[in-house]
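As provided, start-v9.cif (mmCIF, C-alpha atoms) reads as follows.
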data_data
#
loop_
_atom_site.label_atom_id
_atom_site.label_comp_id
_atom_site.auth_asym_id
_atom_site.auth_seq_id
_atom_site.Cartn_x
_atom_site.Cartn_y
_atom_site.Cartn_z
CA MET D 1 7.89 -3.28 -14.76
CA ASP D 2 9.89 -3.03 -17.95
CA ARG D 3 11.38 -6.04 -19.70
CA SER D 4 14.94 -5.50 -18.45
CA LYS D 5 13.71 -5.43 -14.86
CA PHE D 6 11.61 -8.52 -15.47
CA LEU D 7 14.57 -10.46 -16.84
CA LYS D 8 16.68 -9.34 -13.90
CA LEU D 9 13.94 -10.47 -11.55
CA SER D 10 13.80 -13.88 -13.20
CA SER D 11 17.53 -14.42 -12.82
CA LEU D 12 17.39 -13.38 -9.16
CA ALA D 13 14.48 -15.74 -8.59
CA ALA D 14 16.41 -18.61 -10.12
CA MET D 15 19.08 -18.10 -7.45
CA GLY D 16 16.48 -18.26 -4.71
CA TRP D 17 16.66 -14.52 -3.97
CA ILE D 18 12.99 -13.80 -4.30
CA ILE D 19 11.52 -16.85 -2.61
CA GLY D 20 13.10 -16.68 0.81
CA PRO D 21 13.67 -14.38 3.77
CA SER D 22 16.78 -12.97 2.11
CA LEU D 23 14.44 -10.70 0.16
CA VAL D 24 14.74 -8.12 2.92
CA ALA D 25 18.51 -8.04 2.69
CA CYS D 26 18.88 -6.19 -0.58
CA SER D 27 21.59 -3.92 -1.88
CA LYS D 28 21.16 -0.96 -4.20
CA ASN D 29 21.79 -3.30 -7.11
CA THR D 30 18.62 -5.30 -6.50
CA LEU D 31 15.11 -4.40 -7.49
CA PHE D 32 13.83 -3.99 -3.94
CA GLU D 33 15.45 -1.98 -1.20
CA ASN D 34 14.38 -2.55 2.39
CA PRO D 35 11.87 0.29 2.87
CA ASN D 36 11.70 -0.04 6.66
CA TYR D 37 8.02 0.84 6.27
CA LYS D 38 5.83 0.74 9.37
CA GLY D 39 2.48 1.34 7.69
CA LYS D 40 -0.34 -1.15 7.06
CA VAL D 41 -1.27 -2.46 3.61
CA LEU D 42 -4.64 -4.02 2.78
CA ILE D 43 -4.81 -6.31 -0.24
CA ILE D 44 -8.22 -6.83 -1.83
CA GLY D 45 -8.50 -10.32 -3.29
CA ALA D 46 -6.63 -13.57 -2.62
CA GLY D 47 -6.07 -14.75 -6.16
CA ALA D 48 -2.57 -15.23 -7.55
CA ALA D 49 -1.85 -11.48 -7.60
CA GLY D 50 -3.12 -10.84 -4.09
CA LEU D 51 -1.30 -13.85 -2.64
CA TYR D 52 1.97 -12.91 -4.28
CA ALA D 53 1.68 -9.29 -3.22
CA GLY D 54 1.25 -10.48 0.36
CA TYR D 55 4.14 -12.89 -0.03
CA LEU D 56 6.42 -10.05 -1.15
CA LEU D 57 5.27 -7.71 1.60
CA GLN D 58 5.88 -10.35 4.25
CA SER D 59 9.36 -10.95 2.87
CA LEU D 60 9.98 -7.21 3.22
CA GLY D 61 8.69 -7.09 6.77
CA ILE D 62 5.69 -4.89 5.86
CA ASP D 63 2.45 -5.38 7.78
CA PHE D 64 -0.45 -6.44 5.56
CA GLN D 65 -3.77 -8.22 5.49
CA ILE D 66 -5.55 -9.89 2.56
CA LEU D 67 -9.34 -9.61 2.31
CA GLU D 68 -10.97 -12.34 0.23
CA ALA D 69 -14.68 -12.26 -0.60
CA ARG D 70 -15.04 -16.02 -1.14
CA ASN D 71 -14.70 -18.80 1.41
CA ILE D 72 -11.53 -20.05 -0.26
CA TYR D 73 -8.39 -18.38 -1.57
CA GLY D 74 -6.87 -18.93 -5.00
CA GLY D 75 -9.04 -16.75 -7.23
CA ARG D 76 -9.44 -18.40 -10.62
CA MET D 77 -7.40 -21.36 -9.46
CA GLY D 78 -8.92 -24.32 -7.68
CA LYS D 79 -8.94 -28.07 -7.32
CA PHE D 80 -11.58 -30.79 -7.23
CA GLU D 81 -11.33 -34.34 -5.88
CA GLY D 82 -13.79 -37.12 -6.53
CA LEU D 83 -14.27 -37.13 -10.30
CA SER D 84 -11.31 -39.41 -10.98
CA ASP D 85 -8.28 -40.98 -9.32
CA TYR D 86 -6.38 -37.69 -9.57
CA THR D 87 -7.22 -34.10 -8.60
CA VAL D 88 -8.36 -31.81 -11.41
CA ASP D 89 -7.62 -28.10 -11.83
CA THR D 90 -10.95 -26.30 -11.82
CA GLY D 91 -9.35 -23.08 -13.06
CA ALA D 92 -5.85 -22.29 -14.35
CA GLN D 93 -3.91 -25.46 -15.10
CA TRP D 94 -1.16 -24.80 -17.66
CA LEU D 95 2.13 -23.12 -16.81
CA HIS D 96 2.76 -21.11 -19.98
CA GLY D 97 6.47 -20.95 -20.79
CA ASN D 98 9.59 -21.60 -18.75
CA ASN D 99 10.87 -18.01 -18.36
CA SER D 100 8.88 -16.35 -15.61
CA ILE D 101 8.81 -15.82 -11.86
CA LEU D 102 6.68 -18.93 -11.43
CA ALA D 103 8.75 -21.05 -13.80
CA ASP D 104 11.79 -20.19 -11.69
CA LEU D 105 9.85 -21.10 -8.56
CA VAL D 106 8.93 -24.45 -10.13
CA LYS D 107 12.62 -25.16 -10.61
CA LYS D 108 13.57 -23.95 -7.14
CA SER D 109 10.86 -26.01 -5.44
CA LYS D 110 11.52 -29.05 -7.66
CA THR D 111 7.84 -29.21 -8.54
CA LYS D 112 7.08 -31.94 -11.08
CA ILE D 113 5.70 -30.71 -14.40
CA THR D 114 5.26 -32.24 -17.85
CA ASN D 115 5.61 -30.51 -21.20
CA ASP D 116 2.23 -30.80 -22.92
CA THR D 117 3.07 -31.57 -26.55
CA SER D 118 -0.46 -32.54 -27.61
CA GLU D 119 -1.02 -32.11 -31.34
CA ASN D 120 -4.10 -30.48 -32.85
CA THR D 121 -6.93 -32.36 -34.47
CA TYR D 122 -9.65 -30.27 -36.15
CA TRP D 123 -13.39 -30.84 -36.42
CA PHE D 124 -13.82 -29.39 -39.88
CA GLN D 125 -16.79 -29.80 -42.22
CA ASN D 126 -18.14 -32.66 -40.09
CA GLN D 127 -14.98 -34.70 -40.00
CA LEU D 128 -11.84 -34.95 -37.90
CA VAL D 129 -8.69 -33.91 -39.77
CA LYS D 130 -5.06 -33.36 -38.80
CA THR D 131 -4.50 -30.50 -41.24
CA LEU D 132 -6.70 -27.76 -42.65
CA PRO D 133 -6.98 -26.81 -46.32
CA LYS D 134 -5.76 -23.31 -45.48
CA ASP D 135 -3.21 -22.25 -42.86
CA ILE D 136 -5.17 -20.51 -40.12
CA GLU D 137 -2.05 -18.93 -38.59
CA ILE D 138 -2.82 -15.55 -40.15
CA PHE D 139 -2.80 -13.43 -37.01
CA ASP D 140 0.92 -13.46 -36.26
CA LYS D 141 2.22 -10.67 -38.46
CA GLU D 142 2.73 -6.92 -38.55
CA GLY D 143 0.16 -4.51 -39.88
CA LEU D 144 -2.97 -6.24 -38.69
CA PRO D 145 -6.02 -3.95 -38.59
CA ASP D 146 -7.83 -3.08 -35.36
CA ILE D 147 -10.84 -5.22 -36.19
CA SER D 148 -12.05 -8.51 -34.74
CA ILE D 149 -10.20 -11.68 -35.66
CA GLU D 150 -13.54 -12.93 -36.98
CA ASP D 151 -13.77 -10.06 -39.46
CA TYR D 152 -10.10 -10.29 -40.35
CA ALA D 153 -10.40 -14.02 -41.08
CA LEU D 154 -13.35 -13.31 -43.38
CA GLN D 155 -11.30 -10.60 -45.14
CA GLN D 156 -8.55 -13.15 -45.72
CA GLY D 157 -10.93 -15.57 -47.39
CA PHE D 158 -11.74 -17.90 -44.50
CA GLY D 159 -15.41 -18.71 -44.95
CA SER D 160 -18.07 -19.90 -42.53
CA GLU D 161 -16.56 -23.40 -42.55
CA TYR D 162 -13.69 -21.95 -40.47
CA LYS D 163 -15.95 -20.17 -37.97
CA PHE D 164 -15.38 -22.47 -35.02
CA ILE D 165 -11.70 -22.96 -35.81
CA VAL D 166 -11.33 -19.19 -35.44
CA GLU D 167 -13.47 -19.34 -32.30
CA SER D 168 -11.03 -21.85 -30.81
CA LEU D 169 -8.19 -19.36 -31.32
CA ALA D 170 -10.22 -16.60 -29.69
CA GLY D 171 -11.30 -18.94 -26.90
CA ASP D 172 -7.68 -19.57 -26.01
CA GLN D 173 -7.56 -15.83 -25.31
CA GLY D 174 -10.78 -15.98 -23.28
CA ALA D 175 -12.79 -14.16 -25.93
CA ASP D 176 -15.30 -14.43 -28.74
CA ALA D 177 -13.81 -14.09 -32.20
CA SER D 178 -16.16 -11.14 -32.75
CA GLN D 179 -14.65 -9.23 -29.82
CA LEU D 180 -10.93 -10.02 -29.87
CA SER D 181 -8.87 -7.37 -31.66
CA ALA D 182 -6.50 -8.75 -34.29
CA TYR D 183 -4.20 -5.74 -33.85
CA TRP D 184 -4.06 -5.42 -30.05
CA ASN D 185 -3.91 -9.15 -29.46
CA HIS D 186 -0.88 -9.34 -31.74
CA LYS D 187 0.74 -6.33 -30.03
CA ASP D 188 0.33 -8.12 -26.69
CA GLU D 189 1.89 -11.28 -28.05
CA GLU D 190 4.88 -9.31 -29.32
CA ASN D 191 5.73 -8.56 -25.69
CA TRP D 192 5.48 -12.19 -24.60
CA VAL D 193 8.84 -13.42 -23.27
CA ALA D 194 7.81 -16.37 -21.10
CA GLY D 195 8.41 -19.02 -23.77
CA ASP D 196 6.22 -21.08 -26.07
CA ASP D 197 5.93 -24.44 -24.29
CA ASP D 198 3.00 -25.30 -22.04
CA PHE D 199 3.43 -27.43 -18.94
CA LYS D 200 1.04 -29.47 -16.79
CA PHE D 201 1.53 -30.02 -13.05
CA LYS D 202 1.68 -33.54 -11.65
CA ASP D 203 -0.52 -32.32 -8.81
CA THR D 204 -2.43 -29.10 -9.58
CA TYR D 205 -1.52 -25.50 -10.29
CA PHE D 206 -3.49 -24.60 -7.16
CA HIS D 207 -1.38 -26.99 -5.07
CA PHE D 208 1.81 -25.40 -6.38
CA ILE D 209 0.66 -21.85 -5.54
CA ASP D 210 -0.77 -22.99 -2.21
CA GLN D 211 2.39 -24.71 -1.03
CA ASN D 212 4.90 -22.14 -2.23
CA ILE D 213 3.11 -18.79 -1.86
CA ALA D 214 -0.15 -19.06 0.12
CA GLN D 215 0.87 -21.25 3.04
CA PRO D 216 3.65 -18.93 4.30
CA ILE D 217 1.12 -16.08 4.60
CA LEU D 218 -1.99 -18.05 5.57
CA PRO D 219 -2.57 -16.24 8.91
CA LYS D 220 -2.82 -12.95 6.99
CA ILE D 221 -5.73 -14.07 4.77
CA GLN D 222 -9.25 -13.21 5.90
CA LEU D 223 -11.91 -15.19 4.04
CA ASN D 224 -15.61 -14.36 3.63
CA ALA D 225 -14.74 -10.67 3.64
CA PRO D 226 -16.32 -9.02 0.57
CA ILE D 227 -15.79 -5.27 0.52
CA ASP D 228 -18.28 -2.56 -0.28
CA GLY D 229 -16.03 0.45 -0.88
CA ILE D 230 -12.74 2.24 -0.37
CA ASP D 231 -12.45 5.80 0.94
CA TYR D 232 -9.07 7.28 0.09
CA THR D 233 -9.85 10.91 0.94
CA VAL D 234 -8.14 10.67 4.33
CA ASP D 235 -4.59 9.84 5.38
CA LYS D 236 -5.72 6.47 6.70
CA LEU D 237 -7.66 4.78 3.93
CA GLN D 238 -10.92 3.22 5.04
CA VAL D 239 -12.05 -0.08 3.56
CA LYS D 240 -15.67 -0.88 4.31
CA LEU D 241 -16.69 -4.52 4.28
CA LYS D 242 -20.20 -5.55 3.25
CA SER D 243 -20.64 -6.68 6.85
CA GLY D 244 -20.34 -3.04 7.90
CA THR D 245 -16.88 -3.41 9.43
CA ILE D 246 -14.43 -0.64 8.54
CA LEU D 247 -10.71 -1.36 8.35
CA GLU D 248 -8.00 1.27 8.10
CA ALA D 249 -4.80 1.10 6.10
CA ASP D 250 -2.05 3.33 4.77
CA LYS D 251 -2.04 1.69 1.34
CA VAL D 252 -4.45 -0.57 -0.55
CA ILE D 253 -3.64 -2.97 -3.38
CA VAL D 254 -6.73 -3.92 -5.41
CA THR D 255 -6.36 -7.30 -7.14
CA VAL D 256 -9.98 -8.24 -7.94
CA PRO D 257 -10.86 -9.51 -11.45
CA ILE D 258 -11.36 -6.81 -14.08
CA SER D 259 -15.01 -7.91 -14.36
CA ILE D 260 -15.67 -6.66 -10.82
CA LEU D 261 -14.12 -3.27 -11.59
CA LYS D 262 -16.02 -3.01 -14.88
CA LEU D 263 -19.29 -3.55 -13.02
CA ASN D 264 -18.43 -0.93 -10.36
CA GLU D 265 -19.02 -3.47 -7.62
CA ILE D 266 -16.50 -1.67 -5.42
CA SER D 267 -17.23 2.00 -4.74
CA PHE D 268 -14.39 4.48 -4.48
CA SER D 269 -14.45 7.80 -2.67
CA PRO D 270 -13.65 10.03 -4.36
CA ALA D 271 -14.65 8.42 -7.65
CA LEU D 272 -11.75 7.09 -9.67
CA PRO D 273 -10.54 9.27 -12.56
CA THR D 274 -12.66 8.91 -15.68
CA ALA D 275 -9.63 7.79 -17.69
CA LYS D 276 -9.16 4.85 -15.33
CA THR D 277 -12.78 3.71 -15.30
CA GLU D 278 -12.88 4.01 -19.09
CA ALA D 279 -9.72 1.88 -19.23
CA PHE D 280 -11.44 -0.80 -17.15
CA GLN D 281 -14.30 -0.87 -19.66
CA LYS D 282 -11.91 -1.29 -22.60
CA ILE D 283 -10.34 -4.46 -21.21
CA GLY D 284 -12.46 -7.43 -22.19
CA MET D 285 -13.53 -10.31 -19.96
CA GLY D 286 -16.11 -12.81 -21.10
CA PRO D 287 -17.83 -15.96 -19.86
CA GLY D 288 -15.71 -19.02 -19.12
CA MET D 289 -16.42 -22.62 -18.19
CA LYS D 290 -14.56 -25.90 -17.75
CA VAL D 291 -16.29 -29.27 -17.91
CA PHE D 292 -14.52 -32.55 -17.10
CA LEU D 293 -15.91 -35.73 -18.63
CA ARG D 294 -14.75 -39.19 -17.47
CA PHE D 295 -15.03 -42.13 -19.85
CA SER D 296 -14.44 -45.88 -19.58
CA THR D 297 -12.05 -45.80 -22.53
CA LYS D 298 -10.11 -43.21 -24.48
CA PHE D 299 -11.76 -42.90 -27.88
CA TYR D 300 -10.74 -39.26 -28.53
CA GLU D 301 -7.63 -37.40 -29.70
CA ASP D 302 -5.49 -35.40 -27.28
CA PHE D 303 -6.62 -31.99 -28.53
CA VAL D 304 -9.63 -31.26 -30.73
CA LEU D 305 -10.45 -27.78 -32.04
CA GLY D 306 -13.51 -26.52 -33.88
CA GLY D 307 -16.62 -27.80 -32.13
CA SER D 308 -19.75 -25.67 -32.41
CA ILE D 309 -20.71 -26.39 -28.78
CA CYS D 310 -17.16 -26.43 -27.42
CA ALA D 311 -14.34 -25.13 -29.61
CA ALA D 312 -11.57 -26.89 -27.64
CA TYR D 313 -11.41 -30.36 -26.08
CA ALA D 314 -8.21 -31.56 -24.38
CA ASP D 315 -7.06 -34.81 -22.78
CA ASP D 316 -6.86 -33.75 -19.14
CA THR D 317 -4.70 -36.70 -18.08
CA VAL D 318 -1.54 -35.38 -19.76
CA GLY D 319 1.10 -35.13 -17.04
CA LYS D 320 -0.98 -37.02 -14.48
CA THR D 321 -0.50 -40.43 -12.86
CA THR D 322 -3.89 -42.03 -13.49
CA ASN D 323 -5.81 -45.03 -14.74
CA ASP D 324 -8.77 -42.89 -15.75
CA ASN D 325 -9.77 -41.26 -19.03
CA VAL D 326 -10.80 -37.64 -18.56
CA LEU D 327 -11.56 -35.18 -21.33
CA LEU D 328 -11.66 -31.44 -20.63
CA ALA D 329 -14.11 -29.20 -22.45
CA PHE D 330 -12.55 -25.72 -22.36
CA ILE D 331 -15.36 -23.30 -23.17
CA MET D 332 -15.22 -19.52 -23.59
CA GLY D 333 -17.29 -16.59 -24.80
CA GLU D 334 -20.66 -17.15 -26.46
CA GLN D 335 -20.29 -20.92 -26.22
CA ALA D 336 -19.87 -20.67 -22.44
CA ALA D 337 -22.81 -18.26 -22.21
CA TYR D 338 -25.00 -20.65 -24.22
CA LEU D 339 -24.14 -23.68 -22.09
CA SER D 340 -24.51 -21.71 -18.86
CA GLY D 341 -27.98 -20.71 -19.99
CA LEU D 342 -29.10 -24.34 -20.28
CA GLY D 343 -29.80 -24.18 -16.58
CA SER D 344 -28.29 -27.38 -15.18
CA ASP D 345 -25.02 -29.29 -15.15
CA ALA D 346 -26.81 -32.32 -16.57
CA ALA D 347 -28.00 -30.33 -19.58
CA ILE D 348 -24.52 -28.90 -20.15
CA ILE D 349 -22.93 -32.34 -20.05
CA GLN D 350 -25.57 -33.77 -22.36
CA ALA D 351 -24.95 -31.03 -24.94
CA LEU D 352 -21.22 -31.80 -24.91
CA LEU D 353 -21.80 -35.56 -25.17
CA ALA D 354 -24.08 -34.99 -28.16
CA GLU D 355 -21.32 -33.08 -29.96
CA LEU D 356 -18.72 -35.72 -29.10
CA ASP D 357 -21.12 -38.42 -30.29
CA LEU D 358 -21.29 -36.64 -33.63
CA MET D 359 -17.50 -36.54 -33.83
CA TYR D 360 -16.94 -40.10 -32.60
CA ASN D 361 -19.90 -42.17 -33.79
CA ASN D 362 -21.75 -42.26 -30.43
CA GLN D 363 -18.69 -43.39 -28.49
CA ALA D 364 -19.10 -40.59 -25.95
CA SER D 365 -22.51 -41.64 -24.66
CA LEU D 366 -21.56 -45.34 -24.74
CA ASN D 367 -18.43 -44.78 -22.63
CA PHE D 368 -19.51 -41.88 -20.38
CA LEU D 369 -19.12 -42.46 -16.63
CA ASN D 370 -19.48 -39.08 -14.93
CA GLY D 371 -18.69 -35.40 -15.27
CA VAL D 372 -18.43 -32.14 -13.40
CA VAL D 373 -19.03 -28.52 -14.44
CA PHE D 374 -17.19 -25.40 -13.25
CA ASP D 375 -18.89 -22.26 -14.48
CA TRP D 376 -16.65 -19.33 -13.55
CA THR D 377 -19.16 -16.83 -14.88
CA LYS D 378 -21.56 -17.76 -12.10
CA GLU D 379 -18.99 -17.18 -9.36
CA PRO D 380 -20.31 -13.90 -7.87
CA TYR D 381 -16.88 -12.43 -7.12
CA ILE D 382 -15.24 -13.52 -10.39
CA LYS D 383 -17.88 -13.48 -13.16
CA GLY D 384 -15.86 -14.68 -16.11
CA ALA D 385 -12.68 -16.15 -17.52
CA TYR D 386 -9.80 -13.70 -17.95
CA GLY D 387 -8.90 -10.42 -19.61
CA PHE D 388 -8.54 -10.06 -23.37
CA SER D 389 -7.69 -7.29 -25.84
CA THR D 390 -10.68 -5.55 -27.38
CA ILE D 391 -11.03 -3.39 -30.47
CA ASN D 392 -9.90 0.21 -29.82
CA MET D 393 -8.36 -0.86 -26.51
CA GLY D 394 -5.33 1.38 -26.89
CA GLU D 395 -3.25 1.85 -23.73
CA ALA D 396 -6.05 0.72 -21.42
CA ARG D 397 -3.90 -1.74 -19.48
CA LYS D 398 -1.25 0.86 -18.68
CA ILE D 399 -3.87 3.36 -17.54
CA ALA D 400 -5.75 0.76 -15.51
CA THR D 401 -2.69 -0.28 -13.55
CA GLN D 402 -1.45 3.22 -12.64
CA PRO D 403 -1.46 4.01 -8.88
CA ILE D 404 -3.82 6.68 -7.50
CA ASP D 405 -2.46 9.34 -5.12
CA ASN D 406 0.29 7.00 -3.93
CA LYS D 407 -2.44 5.23 -1.96
CA LEU D 408 -4.29 2.90 -4.32
CA PHE D 409 -2.43 0.29 -6.36
CA PHE D 410 -3.85 -2.17 -8.88
CA ALA D 411 -2.83 -5.70 -9.86
CA GLY D 412 -4.28 -8.82 -11.45
CA GLU D 413 -3.80 -10.72 -14.69
CA ALA D 414 -5.78 -8.18 -16.72
CA MET D 415 -3.46 -5.43 -15.43
CA ASN D 416 -0.33 -7.09 -16.79
CA ILE D 417 1.39 -4.79 -19.28
CA ASN D 418 4.09 -7.25 -20.43
CA GLY D 419 1.84 -9.27 -22.73
CA HIS D 420 1.38 -11.93 -20.02
CA HIS D 421 -2.23 -11.19 -19.11
CA GLN D 422 -4.56 -14.23 -19.02
CA THR D 423 -1.93 -16.18 -17.08
CA VAL D 424 -1.11 -16.91 -13.46
CA HIS D 425 2.47 -15.80 -13.95
CA GLY D 426 1.13 -12.58 -15.49
CA ALA D 427 -0.95 -11.98 -12.36
CA VAL D 428 2.14 -12.57 -10.24
CA GLU D 429 4.18 -10.12 -12.33
CA SER D 430 1.47 -7.49 -11.90
CA ALA D 431 1.66 -7.99 -8.13
CA TYR D 432 5.40 -7.52 -8.27
CA LYS D 433 4.87 -4.25 -10.13
CA ALA D 434 2.27 -3.05 -7.63
CA VAL D 435 4.54 -3.74 -4.65
CA ASN D 436 7.46 -2.12 -6.45
CA ASP D 437 5.32 0.97 -7.19
CA LEU D 438 4.26 1.10 -3.56
CA ILE D 439 7.84 1.01 -2.33
CA LEU D 440 9.05 3.57 -4.86
CA ASN D 441 6.24 5.91 -3.78
CA LEU D 442 7.47 5.78 -0.20
CA LYS D 443 10.57 7.73 -1.19
#
Let me see the file written as structure tokens.
Amino acid sequence: MDRSKFLKLSSLAAMGWIIGPSLVACSKNTLFENPNYKGKVLIIGAGAAGLYAGYLLQSLGIDFQILEARNIYGGRMGKFEGLSDYTVDTGAQWLHGNNSILADLVKKSKTKITNDTSENTYWFQNQLVKTLPKDIEIFDKEGLPDISIEDYALQQGFGSEYKFIVESLAGDQGADASQLSAYWNHKDEENWVAGDDDFKFKDTYFHFIDQNIAQPILPKIQLNAPIDGIDYTVDKLQVKLKSGTILEADKVIVTVPISILKLNEISFSPALPTAKTEAFQKIGMGPGMKVFLRFSTKFYEDFVLGGSICAAYADDTVGKTTNDNVLLAFIMGEQAAYLSGLGSDAAIIQALLAELDLMYNNQASLNFLNGVVFDWTKEPYIKGAYGFSTINMGEARKIATQPIDNKLFFAGEAMNINGHHQTVHGAVESAYKAVNDLILNLK
């Protein structure tokens, strides 16, 4: 989907066109025309992309079914009750920007959100500071080399004292600083049109997606249905479940995380083109973890960057109605891998408390009440955080998302080619593109 089509889509969504039954009543001036298609579509994965693809197909009157490997839908979104007096987002929780399909749906549904204006505090040379000696915003300019942001920062004179500040920037992209390409990450950000503000939901991001997209298609979602392979050699594609059941379809939309495709956990017959499998390998996806820590008092700043155990801590109560004090440890890359390797939630929490004690003169241990760990890397059908731009990535996203034989279509946040990967709205946009490609290929 090119930018002009995306902007047109956003304006149509704002008028309610894309979030109601009127989707099927389109003229030649709209993005979708009623295809009057009688075939069956199988969607693999019930994350944001899979759910939205199903939502669009239902609006168009096209028969579909969503196969989800886990016992719950939502993908890398989720909610948890019991830690505090409000429900926490176990996965995605910020709505990034106010110019997207989902931002329009927030307005249409009158969902309550709060602009998160938290200011940075830095843990730098063993002290908390509001400003750094040198401006670390060195990655937002033309002509960056295709090397890691870690190496580029060193080239620009940022020594080891800035290591975990740089890691916090990479972690925001779901990556290690040693793996995130300065050049390709900047090229992606050049395409970003969603807006710069970040918003928190009064309820949860999962609740918003559930109520507005998942619930209308709930009967079409089959849980506990991991698939083994897809045979697209015949007119009717055959999708084999790990249970041995074989389902037939005319089209298949694959929306699983890029980690699953990189590991070849779904077999394809015939094998996918080499260019596509190589493209999968070029898109990064590393470990990711969220840990919520509840304290008896708030002794910490709203947003702290630069920890050696966790490079980013954030006050989770922003935008919530609560009497509790909950701090989120947002952990990516090598830091997430290290903590995951400690072997228990108790050990993970203790490591984080020790770092916070160092920052805050033992206030963390003195005020700690309880905590909970969500290690997305250990989820067998997810295995990581989200896609990021690697060195020498090139046009991998465009190649990865291309349809195969007008039968196989691909979507998911890592497949977003508009610079909106790593986001829920980016996953939704990729689903829109996949459905649009499917319809165009019917003609």
Do you know which residues are at most 8 Å from Val166 (chain D) counting all atoms listed in the file, after dropping those on the same chain fewer than 5 positions away, and could you put them as a PyMOL selection string?
chain D and resi 136+149-150+153+177+306
One number please: CA of Ser296 (chain D) to CA of Val372 (chain D), in Å, one decimal.
15.6 Å
Which is closer to Leu83 (chain D) than all the others in D:Leu241, D:Leu293, D:Ala329, D:Ala431, using only C-alpha atoms?
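Of all the options, D:Leu293 lies closest to Leu83 (chain D).
Using all atoms listed in the file, the nearest neighbour of Leu237 (chain D) within the list D:Ile253, D:Ile147, D:Leu223, D:Leu272 is D:Ile253.
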What does the distance from CA of Ala385 (chain D) to CA of Pro287 (chain D) come to in Å, to one decimal?
5.7 Å
The PyMOL selection byres ((chain D and resi 238) around 6) on the file shown: which residues, as a VMD selection string?
chain D and resid 230 to 231 237 239 247 to 248
Could those selected residues go to a file with C-alpha atoms, as a PDB file, in the frame of the given file?
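Okay, out_8.pdb is ready:
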ATOM      1  CA  ILE D 230     -12.740   2.240  -0.370  1.00  0.00           C
ATOM      2  CA  ASP D 231     -12.450   5.800   0.940  1.00  0.00           C
ATOM      3  CA  LEU D 237      -7.660   4.780   3.930  1.00  0.00           C
ATOM      4  CA  VAL D 239     -12.050  -0.080   3.560  1.00  0.00           C
ATOM      5  CA  LEU D 247     -10.710  -1.360   8.350  1.00  0.00           C
ATOM      6  CA  GLU D 248      -8.000   1.270   8.100  1.00  0.00           C
TER       7      GLU D 248
END
Using the chain letters and numbers from the file, which residues does the PyMOL selection byres ((chain D and resi 114) around 8) grab, as a list in words?
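Matching residues under the PyMOL selection byres ((chain D and resi 114) around 8) are Lys112, Ile113, Asn115, Asp116, Phe199, Lys200, Phe201, Lys202, Val318 and Gly319 of chain D.
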Nearest to Gly78 (chain D) among D:Lys251, D:Lys433, D:His420, D:His207, with distances taken over all atoms listed in the file: which residue is it?
D:His207
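Against the coordinates shown, the PyMOL selection byres ((chain D and resi 322) around 9) returns Ser84, Asp85, Tyr86, Thr317, Lys320, Thr321, Asn323, Asp324 and Asn325 of chain D.
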Report, in Å with one decimal, the straight-line distance from CA of Lys290 (chain D) to CA of Gln93 (chain D).
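Interatomic distance here is 11.0 Å.
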Can you tell me, as a ChimeraX atom specification, what residues are no more than 10 Å from Tyr300 (chain D) when counting only C-alpha atoms, ignoring any on the same chain fewer than 3 positions away?
/D:121,297,303-304,313-315,325,327,356,359-360,363-364
